[in-house]
file target.tsv (TSV, C-alpha atoms)
chain	number	residue	atom	x	y	z
A	248	MET	CA	-5.16	133.14	51.43
A	249	SER	CA	-7.42	131.65	48.83
A	250	ILE	CA	-10.99	130.60	49.56
A	251	PHE	CA	-10.20	126.94	48.83
A	252	ARG	CA	-7.23	126.96	51.20
A	253	LYS	CA	-9.39	128.40	54.00
A	254	PHE	CA	-12.06	125.75	53.31
A	255	PHE	CA	-9.69	122.80	53.55
A	256	LEU	CA	-8.06	124.18	56.68
A	257	SER	CA	-11.47	124.50	58.38
A	258	ILE	CA	-12.51	120.86	57.74
A	259	PRO	CA	-10.58	119.34	60.72
A	260	LEU	CA	-11.98	122.01	63.04
A	261	PHE	CA	-15.50	121.34	61.78
A	262	LEU	CA	-15.17	117.59	62.32
A	263	SER	CA	-13.86	118.08	65.85
A	264	VAL	CA	-16.78	120.32	66.78
A	265	LEU	CA	-19.21	117.87	65.18
A	266	SER	CA	-17.79	114.94	67.16
A	267	LEU	CA	-18.32	116.88	70.40
A	268	ALA	CA	-21.82	117.95	69.46
A	269	LEU	CA	-23.10	114.47	68.60
A	270	PRO	CA	-23.53	112.03	71.50
A	271	ALA	CA	-21.17	109.10	71.26
A	272	TYR	CA	-24.02	106.55	71.29
A	273	GLY	CA	-22.14	104.17	69.02
A	274	LEU	CA	-19.43	103.90	71.64
A	275	ALA	CA	-21.74	103.54	74.63
A	276	GLY	CA	-23.10	100.06	73.92
A	277	GLU	CA	-26.72	99.04	74.08
A	278	LYS	CA	-28.50	100.20	77.20
A	279	ILE	CA	-31.61	101.89	78.51
A	280	LEU	CA	-30.97	105.60	78.81
A	281	SER	CA	-34.15	106.17	80.83
A	282	PHE	CA	-37.03	104.08	82.10
A	283	HIS	CA	-40.03	105.96	83.45
A	284	SER	CA	-43.33	104.41	84.55
A	285	ASP	CA	-46.59	106.31	85.15
A	286	ILE	CA	-48.71	104.09	87.40
A	287	GLN	CA	-52.40	105.00	87.69
A	288	VAL	CA	-54.21	103.15	90.50
A	289	ASN	CA	-57.94	103.23	89.85
A	290	ALA	CA	-60.72	103.35	92.46
A	291	ASP	CA	-61.96	99.88	91.40
A	292	GLY	CA	-58.58	98.33	92.22
A	293	THR	CA	-57.35	98.04	88.62
A	294	MET	CA	-54.26	99.78	87.25
A	295	THR	CA	-53.30	101.52	84.03
A	296	VAL	CA	-49.55	101.80	83.42
A	297	ARG	CA	-47.59	103.68	80.80
A	298	GLU	CA	-43.88	102.87	80.50
A	299	THR	CA	-41.57	105.20	78.56
A	300	ILE	CA	-38.31	103.47	77.68
A	301	GLN	CA	-35.51	105.21	75.81
A	302	VAL	CA	-32.81	102.88	74.47
A	303	ILE	CA	-29.62	102.89	72.43
A	304	ALA	CA	-29.82	100.23	69.71
A	305	GLU	CA	-26.70	98.82	68.06
A	306	GLY	CA	-28.05	95.61	66.53
A	307	ASN	CA	-26.92	93.28	69.32
A	308	HIS	CA	-29.87	92.59	71.64
A	309	ILE	CA	-31.96	95.30	70.04
A	310	LYS	CA	-32.33	94.37	66.38
A	311	ARG	CA	-35.98	94.78	65.42
A	312	GLY	CA	-37.10	96.29	68.72
A	313	ILE	CA	-37.29	95.44	72.43
A	314	SER	CA	-39.19	92.87	74.44
A	315	ARG	CA	-40.79	93.31	77.85
A	316	ASP	CA	-41.78	90.55	80.30
A	317	PHE	CA	-44.87	90.92	82.49
A	318	PRO	CA	-45.46	88.32	85.24
A	319	THR	CA	-49.13	87.34	85.60
A	320	VAL	CA	-48.82	84.03	87.51
A	321	TYR	CA	-47.63	84.14	91.12
A	322	HIS	CA	-46.91	80.86	92.92
A	323	GLN	CA	-48.02	80.63	96.54
A	324	LYS	CA	-48.00	78.05	99.34
A	325	TYR	CA	-49.28	74.50	98.91
A	326	GLY	CA	-49.05	74.65	95.12
A	327	LEU	CA	-51.66	77.40	94.82
A	328	VAL	CA	-51.34	80.20	92.26
A	329	LYS	CA	-52.66	83.72	91.83
A	330	LYS	CA	-53.28	85.04	88.32
A	331	THR	CA	-53.46	88.72	87.44
A	332	GLY	CA	-55.06	90.32	84.42
A	333	PHE	CA	-52.96	91.90	81.68
A	334	ARG	CA	-53.95	93.64	78.44
A	335	VAL	CA	-51.81	95.80	76.16
A	336	LEU	CA	-53.52	99.08	75.28
A	337	GLU	CA	-50.98	100.76	73.02
A	338	VAL	CA	-47.36	100.52	71.87
A	339	LEU	CA	-45.49	103.47	70.33
A	340	ARG	CA	-42.01	104.00	68.96
A	341	ASP	CA	-40.90	107.60	68.75
A	342	GLY	CA	-44.52	108.71	69.09
A	343	LYS	CA	-45.88	106.46	66.32
A	344	LYS	CA	-47.76	103.17	66.63
A	345	GLU	CA	-45.47	100.17	66.52
A	346	SER	CA	-46.14	96.50	65.73
A	347	TYR	CA	-46.08	94.04	68.63
A	348	HIS	CA	-47.17	90.53	69.53
A	349	LEU	CA	-47.54	88.56	72.77
A	350	GLU	CA	-46.00	85.23	73.66
A	351	SER	CA	-47.02	83.22	76.74
A	352	GLN	CA	-44.30	82.41	79.26
A	353	SER	CA	-44.36	80.01	82.21
A	354	ASN	CA	-45.12	82.86	84.62
A	355	GLY	CA	-46.72	85.49	82.40
A	356	GLU	CA	-46.59	87.27	79.05
A	357	ARG	CA	-43.75	88.58	76.91
A	358	VAL	CA	-44.43	91.51	74.60
A	359	TYR	CA	-42.25	91.55	71.48
A	360	ILE	CA	-42.14	95.05	70.00
A	361	GLY	CA	-41.10	95.62	66.41
A	362	ASP	CA	-41.66	94.34	62.87
A	363	LYS	CA	-39.96	91.00	62.19
A	364	ASN	CA	-39.19	92.16	58.66
A	365	HIS	CA	-37.62	95.48	59.70
A	366	PHE	CA	-34.21	95.89	61.32
A	367	LEU	CA	-33.53	99.09	63.24
A	368	SER	CA	-30.64	101.35	62.34
A	369	ASN	CA	-28.20	102.11	65.12
A	370	GLY	CA	-29.46	104.98	67.21
A	371	VAL	CA	-31.68	106.16	70.04
A	372	TYR	CA	-35.35	105.10	70.18
A	373	THR	CA	-38.13	105.90	72.63
A	374	TYR	CA	-40.81	103.27	73.26
A	375	GLN	CA	-44.07	103.71	75.12
A	376	ILE	CA	-46.01	100.68	76.38
A	377	SER	CA	-49.46	101.27	77.87
A	378	TYR	CA	-51.30	98.38	79.50
A	379	TYR	CA	-54.09	97.45	81.89
A	380	THR	CA	-53.68	95.07	84.82
A	381	ASP	CA	-55.65	94.06	87.91
A	382	ARG	CA	-55.31	92.14	91.19
A	383	GLN	CA	-51.98	93.86	91.90
A	384	LEU	CA	-52.96	95.56	95.17
A	385	GLY	CA	-52.62	94.14	98.67
A	386	PHE	CA	-55.55	94.59	101.05
A	387	PHE	CA	-54.49	94.21	104.66
A	388	GLU	CA	-56.22	94.70	107.99
A	389	GLU	CA	-54.94	98.23	108.64
A	390	PHE	CA	-53.96	99.54	105.20
A	391	ASP	CA	-53.95	98.91	101.46
A	392	GLU	CA	-50.72	98.69	99.49
A	393	LEU	CA	-49.19	98.82	96.03
A	394	TYR	CA	-45.96	96.79	95.79
A	395	TRP	CA	-44.70	97.14	92.22
A	396	ASN	CA	-41.58	96.09	90.33
A	397	VAL	CA	-41.24	99.11	88.06
A	398	THR	CA	-38.58	97.98	85.60
A	399	GLY	CA	-38.54	94.20	85.95
A	400	ASN	CA	-35.26	92.31	86.42
A	401	GLY	CA	-35.00	90.65	83.02
A	402	TRP	CA	-33.04	93.29	81.08
A	403	ALA	CA	-29.79	92.12	79.52
A	404	PHE	CA	-28.29	95.62	79.55
A	405	PRO	CA	-28.00	98.43	82.13
A	406	ILE	CA	-30.47	101.20	82.90
A	407	ASP	CA	-28.93	104.64	83.30
A	408	ARG	CA	-31.97	106.26	84.94
A	409	ALA	CA	-35.08	104.59	86.42
A	410	THR	CA	-38.03	106.63	87.69
A	411	ALA	CA	-41.71	106.11	88.48
A	412	SER	CA	-44.75	108.20	89.43
A	413	VAL	CA	-47.71	106.71	91.32
A	414	TYR	CA	-51.14	108.31	90.85
A	415	LEU	CA	-53.67	107.25	93.50
A	416	PRO	CA	-57.35	108.24	93.51
A	417	VAL	CA	-57.74	111.72	94.98
A	418	GLU	CA	-59.13	110.55	98.34
A	419	ALA	CA	-56.39	107.96	98.77
A	420	ARG	CA	-53.69	110.55	97.91
A	421	ASN	CA	-54.68	112.52	100.99
A	422	HIS	CA	-54.26	109.51	103.28
A	423	ILE	CA	-50.86	108.06	102.35
A	424	TYR	CA	-49.23	106.26	105.27
A	425	ALA	CA	-45.78	105.37	103.93
A	426	THR	CA	-43.59	104.85	100.89
A	427	ASP	CA	-40.72	102.44	100.38
A	428	GLY	CA	-38.51	101.13	97.61
A	429	TYR	CA	-35.73	98.72	96.69
A	430	THR	CA	-33.03	98.55	94.04
A	431	GLY	CA	-30.78	95.80	92.75
A	432	PRO	CA	-31.28	92.19	91.63
A	433	GLU	CA	-34.38	90.18	92.49
A	434	GLY	CA	-34.79	89.87	96.27
A	435	SER	CA	-32.36	92.72	97.03
A	436	LYS	CA	-33.06	95.03	99.99
A	437	GLU	CA	-30.80	97.83	98.75
A	438	LYS	CA	-32.37	101.27	98.99
A	439	ASP	CA	-30.56	103.36	96.40
A	440	TYR	CA	-33.60	105.47	95.63
A	441	ARG	CA	-35.38	108.64	96.69
A	442	ALA	CA	-39.10	109.38	96.95
A	443	SER	CA	-41.00	112.67	97.04
A	444	LYS	CA	-44.55	114.03	96.79
A	445	ASP	CA	-45.59	117.00	94.71
A	446	HIS	CA	-48.33	119.53	95.49
A	447	ARG	CA	-50.99	117.08	94.17
A	448	ASN	CA	-49.71	114.29	96.44
A	449	ILE	CA	-48.45	112.34	93.44
A	450	ILE	CA	-45.52	110.20	94.58
A	451	HIS	CA	-42.34	110.24	92.51
A	452	PHE	CA	-39.58	107.63	92.83
A	453	ALA	CA	-36.10	107.70	91.31
A	454	ALA	CA	-33.13	105.33	91.54
A	455	THR	CA	-30.09	107.27	92.73
A	456	ARG	CA	-27.62	105.21	90.70
A	457	PRO	CA	-27.56	103.42	87.34
A	458	LEU	CA	-28.92	99.88	87.44
A	459	ALA	CA	-26.79	97.04	86.07
A	460	ALA	CA	-28.14	94.26	83.88
A	461	SER	CA	-30.74	92.13	85.77
A	462	GLU	CA	-31.19	94.89	88.36
A	463	GLY	CA	-34.42	96.79	88.84
A	464	LEU	CA	-36.40	99.34	90.82
A	465	THR	CA	-39.30	98.28	93.05
A	466	VAL	CA	-41.61	100.74	94.81
A	467	ALA	CA	-44.23	100.43	97.56
A	468	VAL	CA	-46.99	102.80	98.69
A	469	ARG	CA	-49.38	102.33	101.62
A	470	TRP	CA	-52.57	104.29	102.20
A	471	ALA	CA	-55.65	104.22	104.43
A	472	LYS	CA	-58.35	101.64	103.81
A	473	GLY	CA	-61.71	102.50	102.34
A	474	HIS	CA	-60.64	104.56	99.34
A	475	ILE	CA	-60.18	101.72	96.83
A	476	ALA	CA	-62.72	98.95	96.26
A	477	GLU	CA	-61.69	95.75	98.00
A	478	PRO	CA	-62.97	92.40	96.67
A	479	GLY	CA	-65.55	90.75	98.93
A	480	PRO	CA	-65.55	87.14	100.17
A	481	ALA	CA	-67.66	85.84	97.27
A	482	GLU	CA	-65.37	87.48	94.69
A	483	ARG	CA	-62.26	86.18	96.47
A	484	ARG	CA	-63.64	82.62	96.40
A	485	ALA	CA	-64.56	82.92	92.71
A	486	ARG	CA	-61.06	84.16	91.87
A	487	PHE	CA	-59.46	81.39	93.92
A	488	PHE	CA	-61.40	78.65	92.13
A	489	ARG	CA	-60.77	80.26	88.74
A	490	ASP	CA	-57.02	80.51	89.37
A	491	ASN	CA	-56.68	76.98	90.76
A	492	ILE	CA	-59.28	75.10	88.72
A	493	SER	CA	-56.90	72.22	87.90
A	494	LEU	CA	-55.94	71.72	91.53
A	495	VAL	CA	-59.58	72.01	92.66
A	496	LEU	CA	-60.78	69.45	90.10
A	497	GLY	CA	-57.94	67.08	90.99
A	498	SER	CA	-58.67	67.35	94.71
A	499	GLY	CA	-62.40	66.92	94.04
A	500	GLY	CA	-61.67	63.76	92.05
A	501	LEU	CA	-59.67	62.32	94.94
A	502	VAL	CA	-62.52	63.09	97.34
A	503	LEU	CA	-65.03	61.36	95.04
A	504	VAL	CA	-62.79	58.27	94.79
A	505	PHE	CA	-62.49	58.18	98.58
A	506	ILE	CA	-66.27	58.48	98.98
A	507	TYR	CA	-66.83	55.69	96.44
A	508	TYR	CA	-64.46	53.29	98.21
A	509	PHE	CA	-65.90	54.19	101.60
A	510	ILE	CA	-69.43	53.40	100.41
A	511	ALA	CA	-68.22	50.16	98.80
A	512	TRP	CA	-66.49	49.15	102.03
A	513	PHE	CA	-69.51	50.12	104.11
A	514	ILE	CA	-71.85	48.00	101.95
A	515	ALA	CA	-69.73	44.95	101.16
A	516	GLY	CA	-66.29	45.20	102.69
A	517	ARG	CA	-66.90	45.29	106.42
A	518	ASP	CA	-66.34	42.19	108.53
A	519	PRO	CA	-69.58	40.66	109.85
A	520	ARG	CA	-70.56	41.53	113.38
A	521	ARG	CA	-69.29	39.18	116.02
A	522	GLY	CA	-71.84	36.74	117.30
A	523	THR	CA	-71.91	34.91	120.63
A	524	ILE	CA	-68.57	33.21	121.30
A	525	ILE	CA	-68.99	29.58	122.47
A	526	PRO	CA	-65.81	27.74	123.55
A	527	HIS	CA	-65.23	24.18	122.17
A	528	TYR	CA	-63.22	21.74	124.25
A	529	THR	CA	-62.72	19.16	121.52
A	530	PRO	CA	-61.38	19.68	118.03
A	531	PRO	CA	-63.76	19.55	115.07
A	532	ASP	CA	-64.34	16.06	113.70
A	533	ASN	CA	-62.53	16.71	110.45
A	534	LEU	CA	-59.36	18.13	112.03
A	535	SER	CA	-56.65	16.01	113.65
A	536	PRO	CA	-54.50	17.16	116.59
A	537	ALA	CA	-51.61	17.76	114.17
A	538	SER	CA	-53.88	19.92	112.00
A	539	MET	CA	-54.98	21.91	115.02
A	540	ARG	CA	-51.35	22.45	116.04
A	541	TYR	CA	-50.50	23.61	112.52
A	542	ILE	CA	-53.41	26.09	112.50
A	543	THR	CA	-52.50	27.41	115.94
A	544	ARG	CA	-48.85	27.89	115.03
A	545	MET	CA	-49.52	28.77	111.39
A	546	GLY	CA	-46.58	26.53	110.60
A	547	PHE	CA	-44.99	23.07	111.16
A	548	ASP	CA	-42.75	22.19	114.12
A	549	HIS	CA	-41.62	19.15	116.16
A	550	GLU	CA	-44.72	19.21	118.32
A	551	THR	CA	-46.89	18.98	115.23
A	552	PHE	CA	-45.03	15.79	114.30
A	553	ALA	CA	-45.38	14.46	117.86
A	554	ALA	CA	-49.11	15.20	117.86
A	555	ALA	CA	-49.51	13.17	114.65
A	556	LEU	CA	-47.64	10.18	116.18
A	557	VAL	CA	-49.67	10.29	119.42
A	558	ASN	CA	-52.91	10.48	117.41
A	559	MET	CA	-51.86	7.37	115.41
A	560	ALA	CA	-51.25	5.53	118.69
A	561	VAL	CA	-54.65	6.63	120.06
A	562	GLN	CA	-56.32	5.31	116.94
A	563	GLY	CA	-54.62	1.91	117.45
A	564	HIS	CA	-52.32	2.07	114.45
A	565	LEU	CA	-49.10	2.46	116.39
A	566	SER	CA	-47.47	1.54	119.68
A	567	ILE	CA	-44.92	3.78	121.35
A	568	ASN	CA	-42.44	2.43	123.93
A	569	GLU	CA	-39.77	4.50	125.67
A	570	MET	CA	-36.54	3.17	127.17
A	571	ASP	CA	-33.50	5.24	128.19
A	572	GLY	CA	-34.44	8.21	125.99
A	573	GLU	CA	-35.12	6.06	122.95
A	574	TYR	CA	-38.55	5.48	121.50
A	575	SER	CA	-39.57	2.32	119.76
A	576	LEU	CA	-42.41	2.73	117.26
A	577	SER	CA	-44.22	-0.38	116.03
A	578	LYS	CA	-47.01	-0.74	113.51
A	579	LEU	CA	-50.01	-2.58	114.80
A	580	GLY	CA	-51.63	-3.22	111.45
A	581	PRO	CA	-52.31	-1.75	108.05
A	582	PRO	CA	-53.62	1.83	108.11
A	583	GLY	CA	-57.37	1.99	108.28
A	584	LYS	CA	-59.87	4.51	107.08
A	585	THR	CA	-59.78	6.31	110.43
A	586	LEU	CA	-56.14	7.28	109.97
A	587	SER	CA	-55.71	10.97	109.10
A	588	PRO	CA	-54.01	11.95	105.83
A	589	GLU	CA	-50.88	13.13	107.61
A	590	GLY	CA	-50.88	9.87	109.62
A	591	GLN	CA	-50.93	7.85	106.42
A	592	LYS	CA	-48.02	9.84	105.00
A	593	ILE	CA	-46.01	9.47	108.25
A	594	SER	CA	-46.65	5.72	108.28
A	595	GLU	CA	-45.44	5.35	104.72
A	596	LYS	CA	-42.34	7.53	105.16
A	597	LEU	CA	-41.28	6.22	108.60
A	598	PHE	CA	-41.84	2.53	108.27
A	599	GLY	CA	-41.82	1.76	104.59
A	600	SER	CA	-41.62	-2.08	104.62
A	601	LYS	CA	-40.48	-2.20	108.26
A	602	GLN	CA	-42.71	-3.10	111.19
A	603	SER	CA	-40.83	-1.07	113.81
A	604	ILE	CA	-38.23	1.68	114.12
A	605	THR	CA	-36.30	3.39	116.93
A	606	ILE	CA	-35.96	7.14	117.25
A	607	GLU	CA	-34.14	9.37	119.74
A	608	GLN	CA	-35.47	12.52	121.33
A	609	SER	CA	-33.64	15.59	120.02
A	610	GLN	CA	-32.16	18.05	122.52

call {"tool": "encode", "arguments": {"input": "target.tsv", "output": "structure tokens"}}
result
Amino acid sequence: MSIFRKFFLSIPLFLSVLSLALPAYGLAGEKILSFHSDIQVNADGTMTVRETIQVIAEGNHIKRGISRDFPTVYHQKYGLVKKTGFRVLEVLRDGKKESYHLESQSNGERVYIGDKNHFLSNGVYTYQISYYTDRQLGFFEEFDELYWNVTGNGWAFPIDRATASVYLPVEARNHIYATDGYTGPEGSKEKDYRASKDHRNIIHFAATRPLAASEGLTVAVRWAKGHIAEPGPAERRARFFRDNISLVLGSGGLVLVFIYYFIAWFIAGRDPRRGTIIPHYTPPDNLSPASMRYITRMGFDHETFAAALVNMAVQGHLSINEMDGEYSLSKLGPPGKTLSPEGQKISEKLFGSKQSITIEQSQ
């Protein structure tokens, strides 16, 4: 058999072996092959985190690089917020420094990794994101706690393997109370994970199944108090006012407005003090009985009209005679100056050019 014949016959075998030797990444779709987080809790309560993320890129979601969301604003009761610190220390791709930029989100920061002018070839890439953060620990009456969402829940593709290692200060490592963890979408209580401690009391977490898109791994560690610096009352107050400055200023403005109106009311708006009350048994000279009735009732009624007629009769401008339920009203003369304004109007409207009229009492 010639050399050329042997060569051509070996090509199919060579290609078959090559296809088995190379991972079929192009057929797998974009995903995170592994997500590992090294979480260093410092004695002053701050944290340094290094995330190592290995991905398959095929130009769909991952074109120039990846993006990572970091929440820094946590909404609490009564409209209050808590803000945590965040600062990127280093970003690497395959062990070399990589371009990145930050973009503010409604609840935190998004780190875009990659050069906008450079598109990645299809393949496997390993990213490392190192960052500093603070105010992430919980300080309770009987213990301190780290409750940490390792991967986040914003990934649009699955994560094959998610792991994390938590490094506490040496003294705290020797007084660990409990560990816990959760897997799945945000708010899930699934516990598809395992946790272990090595000979240095470093705690290692690992999800025991692949995580689907929008699923994540959350870990929790509790340890004895007194090994990590806890903020004092003055520092807590300063942080509260710094985080909620808009709400504080708005509330302060409302208080100042209230104080202003209270002072204005106290100086000029209060009713005068009541003096000695002296009863009067006759109406004031400038008010007729009909006027008094109107003021008492705060409106006009039949008795107001009757009071005006009786007052006209008392003043000698009218005579009233009753017979079988009918009343005869007769003018006694032209209205004088003593007739009240309403009496003058009644005289004009009732009598006109007549000297007398008859009216019936309504039922």

call {"tool": "residues_around", "arguments": {"input": "target.tsv", "residues": "range 460-468 of chain A", "least_positions_apart": "3", "cutoff": "7 Å", "atoms": "all atoms listed in the file", "output": "PyMOL selection string"}}
result
chain A and resi 392-405+409+425-432+454

call {"tool": "atom_distance", "arguments": {"input": "target.tsv", "atom1": "CA of Gln323 in chain A", "atom2": "CA of Gly500 in chain A"}}
result
22.2 Å

call {"tool": "atom_distance", "arguments": {"input": "target.tsv", "atom1": "CA of Phe452 in chain A", "atom2": "CA of Val288 in chain A"}}
result
15.5 Å

call {"tool": "closest_atom_pairs", "arguments": {"input": "target.tsv", "of": "range 486-536 of chain A", "to": "range 556-563 of chain A", "cutoff": "12 Å", "atoms": "all atoms listed in the file", "output": "JSON lines"}}
result
{"residue": "A:Leu534", "atom": "CA", "partner": "A:Asn558", "partner_atom": "CA", "distance": 11.4}
{"residue": "A:Ser535", "atom": "CA", "partner": "A:Asn558", "partner_atom": "CA", "distance": 7.7}
{"residue": "A:Pro536", "atom": "CA", "partner": "A:Asn558", "partner_atom": "CA", "distance": 6.9}

call {"tool": "residues_around", "arguments": {"input": "target.tsv", "residues": "range 369-386 of chain A", "least_positions_apart": "4", "cutoff": "6 Å", "atoms": "all atoms listed in the file", "output": "ChimeraX atom specification"}}
result
/A:293-305,331-341,391-393

call {"tool": "residues_near_point", "arguments": {"input": "target.tsv", "point": "(-34.9, 96.3, 73.2)", "cutoff": "9 Å", "atoms": "all atoms listed in the file", "output": "compact mmCIF listing (two decimals) with C-alpha atoms, keeping the file's coordinate frame"}}
result
# COMPACT_ATOMS: atom_id res chain seq x y z
CA GLU A 277 -26.72 99.04 74.08
CA LYS A 278 -28.50 100.20 77.20
CA ILE A 279 -31.61 101.89 78.51
CA VAL A 302 -32.81 102.88 74.47
CA ILE A 303 -29.62 102.89 72.43
CA ALA A 304 -29.82 100.23 69.71
CA HIS A 308 -29.87 92.59 71.64
CA ILE A 309 -31.96 95.30 70.04
CA LYS A 310 -32.33 94.37 66.38
CA ARG A 311 -35.98 94.78 65.42
CA GLY A 312 -37.10 96.29 68.72
CA ILE A 313 -37.29 95.44 72.43
CA SER A 314 -39.19 92.87 74.44
CA ARG A 315 -40.79 93.31 77.85
CA TYR A 359 -42.25 91.55 71.48
CA ILE A 360 -42.14 95.05 70.00
CA TRP A 402 -33.04 93.29 81.08

call {"tool": "atom_distance", "arguments": {"input": "target.tsv", "atom1": "CA of His564 in chain A", "atom2": "CA of Arg544 in chain A"}}
result
26.1 Å

call {"tool": "closest_residue", "arguments": {"input": "target.tsv", "among": "A:Tyr507, A:Tyr574, A:Phe390, A:Phe366", "to": "Gly306 in chain A", "atoms": "all atoms listed in the file"}}
result
A:Phe366
